[in-house]
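Content type PDB, N, CA and C atoms, from the file work_6.pdb:
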```pdb
MODEL        1
ATOM      1  N   MET A   1     115.468 -30.258 -16.759
ATOM      2  CA  MET A   1     115.687 -29.135 -17.649
ATOM      3  C   MET A   1     114.871 -27.924 -17.189
ATOM      4  N   ILE A   2     113.604 -28.160 -16.900
ATOM      5  CA  ILE A   2     112.747 -27.060 -16.468
ATOM      6  C   ILE A   2     113.211 -26.544 -15.109
ATOM      7  N   ILE A   3     113.584 -27.458 -14.214
ATOM      8  CA  ILE A   3     114.037 -27.054 -12.886
ATOM      9  C   ILE A   3     115.314 -26.231 -12.985
ATOM     10  N   GLU A   4     116.237 -26.650 -13.841
ATOM     11  CA  GLU A   4     117.483 -25.895 -14.017
ATOM     12  C   GLU A   4     117.199 -24.505 -14.556
ATOM     13  N   THR A   5     116.269 -24.403 -15.496
ATOM     14  CA  THR A   5     115.910 -23.106 -16.054
ATOM     15  C   THR A   5     115.308 -22.206 -14.977
ATOM     16  N   LEU A   6     114.416 -22.766 -14.152
ATOM     17  CA  LEU A   6     113.819 -21.989 -13.069
ATOM     18  C   LEU A   6     114.870 -21.539 -12.060
ATOM     19  N   GLN A   7     115.832 -22.407 -11.754
ATOM     20  CA  GLN A   7     116.898 -22.029 -10.828
ATOM     21  C   GLN A   7     117.732 -20.890 -11.397
ATOM     22  N   ARG A   8     118.034 -20.951 -12.673
ATOM     23  CA  ARG A   8     118.812 -19.867 -13.292
ATOM     24  C   ARG A   8     118.038 -18.557 -13.266
ATOM     25  N   LEU A   9     116.732 -18.623 -13.543
ATOM     26  CA  LEU A   9     115.918 -17.411 -13.518
ATOM     27  C   LEU A   9     115.850 -16.828 -12.108
ATOM     28  N   MET A  10     115.690 -17.689 -11.105
ATOM     29  CA  MET A  10     115.649 -17.207  -9.728
ATOM     30  C   MET A  10     116.982 -16.607  -9.320
ATOM     31  N   ASP A  11     118.085 -17.252  -9.683
ATOM     32  CA  ASP A  11     119.407 -16.711  -9.358
ATOM     33  C   ASP A  11     119.608 -15.355 -10.014
ATOM     34  N   ALA A  12     119.217 -15.236 -11.274
ATOM     35  CA  ALA A  12     119.368 -13.967 -11.988
ATOM     36  C   ALA A  12     118.497 -12.893 -11.355
ATOM     37  N   ASN A  13     117.300 -13.260 -10.957
ATOM     38  CA  ASN A  13     116.395 -12.301 -10.347
ATOM     39  C   ASN A  13     116.926 -11.834  -8.996
ATOM     40  N   LEU A  14     117.409 -12.765  -8.169
ATOM     41  CA  LEU A  14     117.965 -12.390  -6.867
ATOM     42  C   LEU A  14     119.209 -11.523  -7.022
ATOM     43  N   THR A  15     120.037 -11.855  -7.995
ATOM     44  CA  THR A  15     121.232 -11.051  -8.245
ATOM     45  C   THR A  15     120.850  -9.647  -8.674
ATOM     46  N   GLY A  16     119.841  -9.545  -9.523
ATOM     47  CA  GLY A  16     119.377  -8.230  -9.973
ATOM     48  C   GLY A  16     118.834  -7.400  -8.833
ATOM     49  N   VAL A  17     118.096  -8.024  -7.941
ATOM     50  CA  VAL A  17     117.545  -7.302  -6.791
ATOM     51  C   VAL A  17     118.674  -6.863  -5.864
ATOM     52  N   ALA A  18     119.614  -7.768  -5.603
ATOM     53  CA  ALA A  18     120.707  -7.459  -4.683
ATOM     54  C   ALA A  18     121.582  -6.332  -5.214
ATOM     55  N   THR A  19     121.849  -6.308  -6.511
ATOM     56  CA  THR A  19     122.703  -5.251  -7.055
ATOM     57  C   THR A  19     121.959  -3.932  -7.174
ATOM     58  N   GLY A  20     120.625  -3.977  -7.178
ATOM     59  CA  GLY A  20     119.851  -2.754  -7.295
ATOM     60  C   GLY A  20     119.620  -2.054  -5.966
ATOM     61  N   LEU A  21     120.035  -2.665  -4.859
ATOM     62  CA  LEU A  21     119.826  -2.050  -3.550
ATOM     63  C   LEU A  21     120.829  -0.926  -3.315
ATOM     64  N   THR A  22     120.337   0.171  -2.812
ATOM     65  CA  THR A  22     121.217   1.266  -2.444
ATOM     66  C   THR A  22     121.551   1.150  -0.956
ATOM     67  N   LEU A  23     122.452   1.988  -0.514
ATOM     68  CA  LEU A  23     122.825   1.980   0.898
ATOM     69  C   LEU A  23     121.629   2.330   1.781
ATOM     70  N   ALA A  24     120.773   3.214   1.290
ATOM     71  CA  ALA A  24     119.574   3.572   2.047
ATOM     72  C   ALA A  24     118.627   2.376   2.166
ATOM     73  N   ASP A  25     118.512   1.606   1.088
ATOM     74  CA  ASP A  25     117.654   0.413   1.130
ATOM     75  C   ASP A  25     118.188  -0.606   2.125
ATOM     76  N   ILE A  26     119.488  -0.809   2.105
ATOM     77  CA  ILE A  26     120.105  -1.762   3.022
ATOM     78  C   ILE A  26     119.916  -1.295   4.465
ATOM     79  N   GLY A  27     120.092  -0.014   4.692
ATOM     80  CA  GLY A  27     119.881   0.545   6.033
ATOM     81  C   GLY A  27     118.442   0.370   6.496
ATOM     82  N   ALA A  28     117.492   0.569   5.589
ATOM     83  CA  ALA A  28     116.083   0.385   5.934
ATOM     84  C   ALA A  28     115.800  -1.073   6.276
ATOM     85  N   LEU A  29     116.354  -1.997   5.505
ATOM     86  CA  LEU A  29     116.158  -3.417   5.779
ATOM     87  C   LEU A  29     116.751  -3.813   7.132
ATOM     88  N   ILE A  30     117.948  -3.317   7.407
ATOM     89  CA  ILE A  30     118.574  -3.611   8.699
ATOM     90  C   ILE A  30     117.739  -3.033   9.832
ATOM     91  N   GLY A  31     117.197  -1.857   9.648
ATOM     92  CA  GLY A  31     116.342  -1.239  10.661
ATOM     93  C   GLY A  31     115.079  -2.047  10.913
ATOM     94  N   MET A  32     114.476  -2.552   9.845
ATOM     95  CA  MET A  32     113.259  -3.362   9.998
ATOM     96  C   MET A  32     113.558  -4.672  10.710
ATOM     97  N   VAL A  33     114.645  -5.314  10.346
ATOM     98  CA  VAL A  33     115.018  -6.576  11.003
ATOM     99  C   VAL A  33     115.333  -6.324  12.469
ATOM    100  N   SER A  34     116.037  -5.245  12.741
ATOM    101  CA  SER A  34     116.371  -4.899  14.122
ATOM    102  C   SER A  34     115.104  -4.631  14.943
ATOM    103  N   ALA A  35     114.157  -3.913  14.373
ATOM    104  CA  ALA A  35     112.903  -3.634  15.079
ATOM    105  C   ALA A  35     112.131  -4.919  15.342
ATOM    106  N   LEU A  36     112.112  -5.813  14.367
ATOM    107  CA  LEU A  36     111.410  -7.083  14.538
ATOM    108  C   LEU A  36     112.057  -7.922  15.637
ATOM    109  N   LEU A  37     113.384  -8.006  15.635
ATOM    110  CA  LEU A  37     114.074  -8.768  16.668
ATOM    111  C   LEU A  37     113.880  -8.150  18.045
ATOM    112  N   SER A  38     113.886  -6.835  18.124
ATOM    113  CA  SER A  38     113.650  -6.159  19.401
ATOM    114  C   SER A  38     112.249  -6.440  19.919
ATOM    115  N   THR A  39     111.271  -6.415  19.045
ATOM    116  CA  THR A  39     109.893  -6.697  19.439
ATOM    117  C   THR A  39     109.754  -8.124  19.933
ATOM    118  N   LEU A  40     110.342  -9.069  19.218
ATOM    119  CA  LEU A  40     110.275 -10.469  19.640
ATOM    120  C   LEU A  40     110.972 -10.675  20.984
ATOM    121  N   GLY A  41     112.116 -10.028  21.168
ATOM    122  CA  GLY A  41     112.820 -10.122  22.449
ATOM    123  C   GLY A  41     111.997  -9.551  23.586
ATOM    124  N   ASN A  42     111.338  -8.434  23.333
ATOM    125  CA  ASN A  42     110.498  -7.820  24.364
ATOM    126  C   ASN A  42     109.303  -8.704  24.692
ATOM    127  N   LEU A  43     108.705  -9.315  23.687
ATOM    128  CA  LEU A  43     107.584 -10.214  23.936
ATOM    129  C   LEU A  43     108.012 -11.409  24.782
ATOM    130  N   LEU A  44     109.171 -11.964  24.479
ATOM    131  CA  LEU A  44     109.680 -13.090  25.249
ATOM    132  C   LEU A  44     109.953 -12.672  26.696
ATOM    133  N   TYR A  45     110.590 -11.526  26.872
ATOM    134  CA  TYR A  45     110.888 -11.029  28.216
ATOM    135  C   TYR A  45     109.597 -10.811  29.007
ATOM    136  N   THR A  46     108.609 -10.190  28.391
ATOM    137  CA  THR A  46     107.344  -9.907  29.070
ATOM    138  C   THR A  46     106.623 -11.196  29.434
ATOM    139  N   TRP A  47     106.634 -12.168  28.538
ATOM    140  CA  TRP A  47     105.987 -13.450  28.807
ATOM    141  C   TRP A  47     106.636 -14.146  29.993
ATOM    142  N   ARG A  48     107.983 -14.156  30.018
ATOM    143  CA  ARG A  48     108.686 -14.797  31.127
ATOM    144  C   ARG A  48     108.450 -14.037  32.438
ATOM    145  N   LYS A  49     108.412 -12.708  32.374
ATOM    146  CA  LYS A  49     108.166 -11.893  33.565
ATOM    147  C   LYS A  49     106.772 -12.174  34.122
ATOM    148  N   ASP A  50     105.786 -12.270  33.239
ATOM    149  CA  ASP A  50     104.425 -12.573  33.682
ATOM    150  C   ASP A  50     104.352 -13.947  34.348
ATOM    151  N   ARG A  51     105.026 -14.924  33.781
ATOM    152  CA  ARG A  51     105.041 -16.267  34.381
ATOM    153  C   ARG A  51     105.690 -16.235  35.765
ATOM    154  N   ARG A  52     106.803 -15.508  35.883
ATOM    155  CA  ARG A  52     107.511 -15.409  37.163
ATOM    156  C   ARG A  52     106.630 -14.728  38.209
ATOM    157  N   GLU A  53     105.980 -13.636  37.840
ATOM    158  CA  GLU A  53     105.111 -12.935  38.779
ATOM    159  C   GLU A  53     103.906 -13.783  39.171
ATOM    160  N   GLN A  54     103.391 -14.578  38.236
ATOM    161  CA  GLN A  54     102.264 -15.451  38.560
ATOM    162  C   GLN A  54     102.681 -16.522  39.561
ATOM    163  N   ARG A  55     103.877 -17.091  39.387
ATOM    164  CA  ARG A  55     104.372 -18.079  40.351
ATOM    165  C   ARG A  55     104.529 -17.450  41.727
ATOM    166  N   ASP A  56     105.080 -16.239  41.788
ATOM    167  CA  ASP A  56     105.245 -15.553  43.068
ATOM    168  C   ASP A  56     103.886 -15.292  43.720
ATOM    169  N   SER A  57     102.919 -14.884  42.920
ATOM    170  CA  SER A  57     101.591 -14.611  43.438
ATOM    171  C   SER A  57     100.928 -15.887  43.951
ATOM    172  N   ASP A  58     101.076 -16.976  43.211
ATOM    173  CA  ASP A  58     100.507 -18.252  43.655
ATOM    174  C   ASP A  58     101.148 -18.732  44.951
ATOM    175  N   ALA A  59     102.469 -18.541  45.060
ATOM    176  CA  ALA A  59     103.164 -18.959  46.272
ATOM    177  C   ALA A  59     102.714 -18.109  47.459
ATOM    178  N   ALA A  60     102.542 -16.808  47.273
ATOM    179  CA  ALA A  60     102.077 -15.939  48.353
ATOM    180  C   ALA A  60     100.657 -16.307  48.754
ATOM    181  N   TRP A  61      99.821 -16.635  47.792
ATOM    182  CA  TRP A  61      98.453 -17.043  48.096
ATOM    183  C   TRP A  61      98.441 -18.336  48.907
ATOM    184  N   ALA A  62      99.288 -19.277  48.526
ATOM    185  CA  ALA A  62      99.356 -20.547  49.247
ATOM    186  C   ALA A  62      99.841 -20.324  50.682
ATOM    187  N   ARG A  63     100.805 -19.410  50.875
ATOM    188  CA  ARG A  63     101.291 -19.116  52.226
ATOM    189  C   ARG A  63     100.181 -18.501  53.078
ATOM    190  N   ARG A  64      99.395 -17.608  52.495
ATOM    191  CA  ARG A  64      98.307 -16.977  53.240
ATOM    192  C   ARG A  64      97.223 -17.975  53.614
ATOM    193  N   GLN A  65      97.008 -18.958  52.757
ATOM    194  CA  GLN A  65      95.988 -19.965  53.046
ATOM    195  C   GLN A  65      96.408 -20.876  54.208
ATOM    196  N   LYS A  66      97.720 -21.074  54.379
ATOM    197  CA  LYS A  66      98.217 -21.921  55.455
ATOM    198  C   LYS A  66      98.188 -21.216  56.813
ATOM    199  N   GLU A  67      98.248 -19.905  56.820
ATOM    200  CA  GLU A  67      98.276 -19.159  58.080
ATOM    201  C   GLU A  67      96.919 -19.260  58.769
ATOM    202  N   PRO A  68      96.941 -19.387  60.110
ATOM    203  CA  PRO A  68      95.673 -19.506  60.858
ATOM    204  C   PRO A  68      94.911 -18.198  60.928
TER
ENDMDL
END
```

Representation of the structure as structure tokens:
Amino acid sequence: MIIETLQRLMDANLTGVATGLTLADIGALIGMVSALLSTLGNLLYTWRKDRREQRDSDAAWARRQKEP
């Protein structure tokens, strides 16, 4: 009974928030999500690039060590 009441209150609250959003609010939310995803993508790209460059550097160092 208590759980059902809480679910109804949460549903009503979410519905109220969703209907109260204006187009500007939705645009701002989409912009924030887009910025967050772009930042995460850039971090992943940079991390992979650093790993790749480190492997190349290690391989070049190993080649130089083998040369007489």

What does the structure give for the distance between atom N of A:Ile3 and atom N of A:Ala18, in Å to one decimal?
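Straight-line distance from atom N of A:Ile3 to atom N of A:Ala18 works out to 22.3 Å.
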
If you measure from atom CA of A:Ser34 to atom CA of A:Trp47, what distance in Å do you get, rounded to one decimal?
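About the pair atom CA of A:Ser34 and atom CA of A:Trp47: they are 19.9 Å apart.
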
What gap, in Å, lies between atom N of A:Arg48 and atom CA of A:Ala28?
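According to the coordinates, atom N of A:Arg48 and atom CA of A:Ala28 are separated by 29.3 Å.
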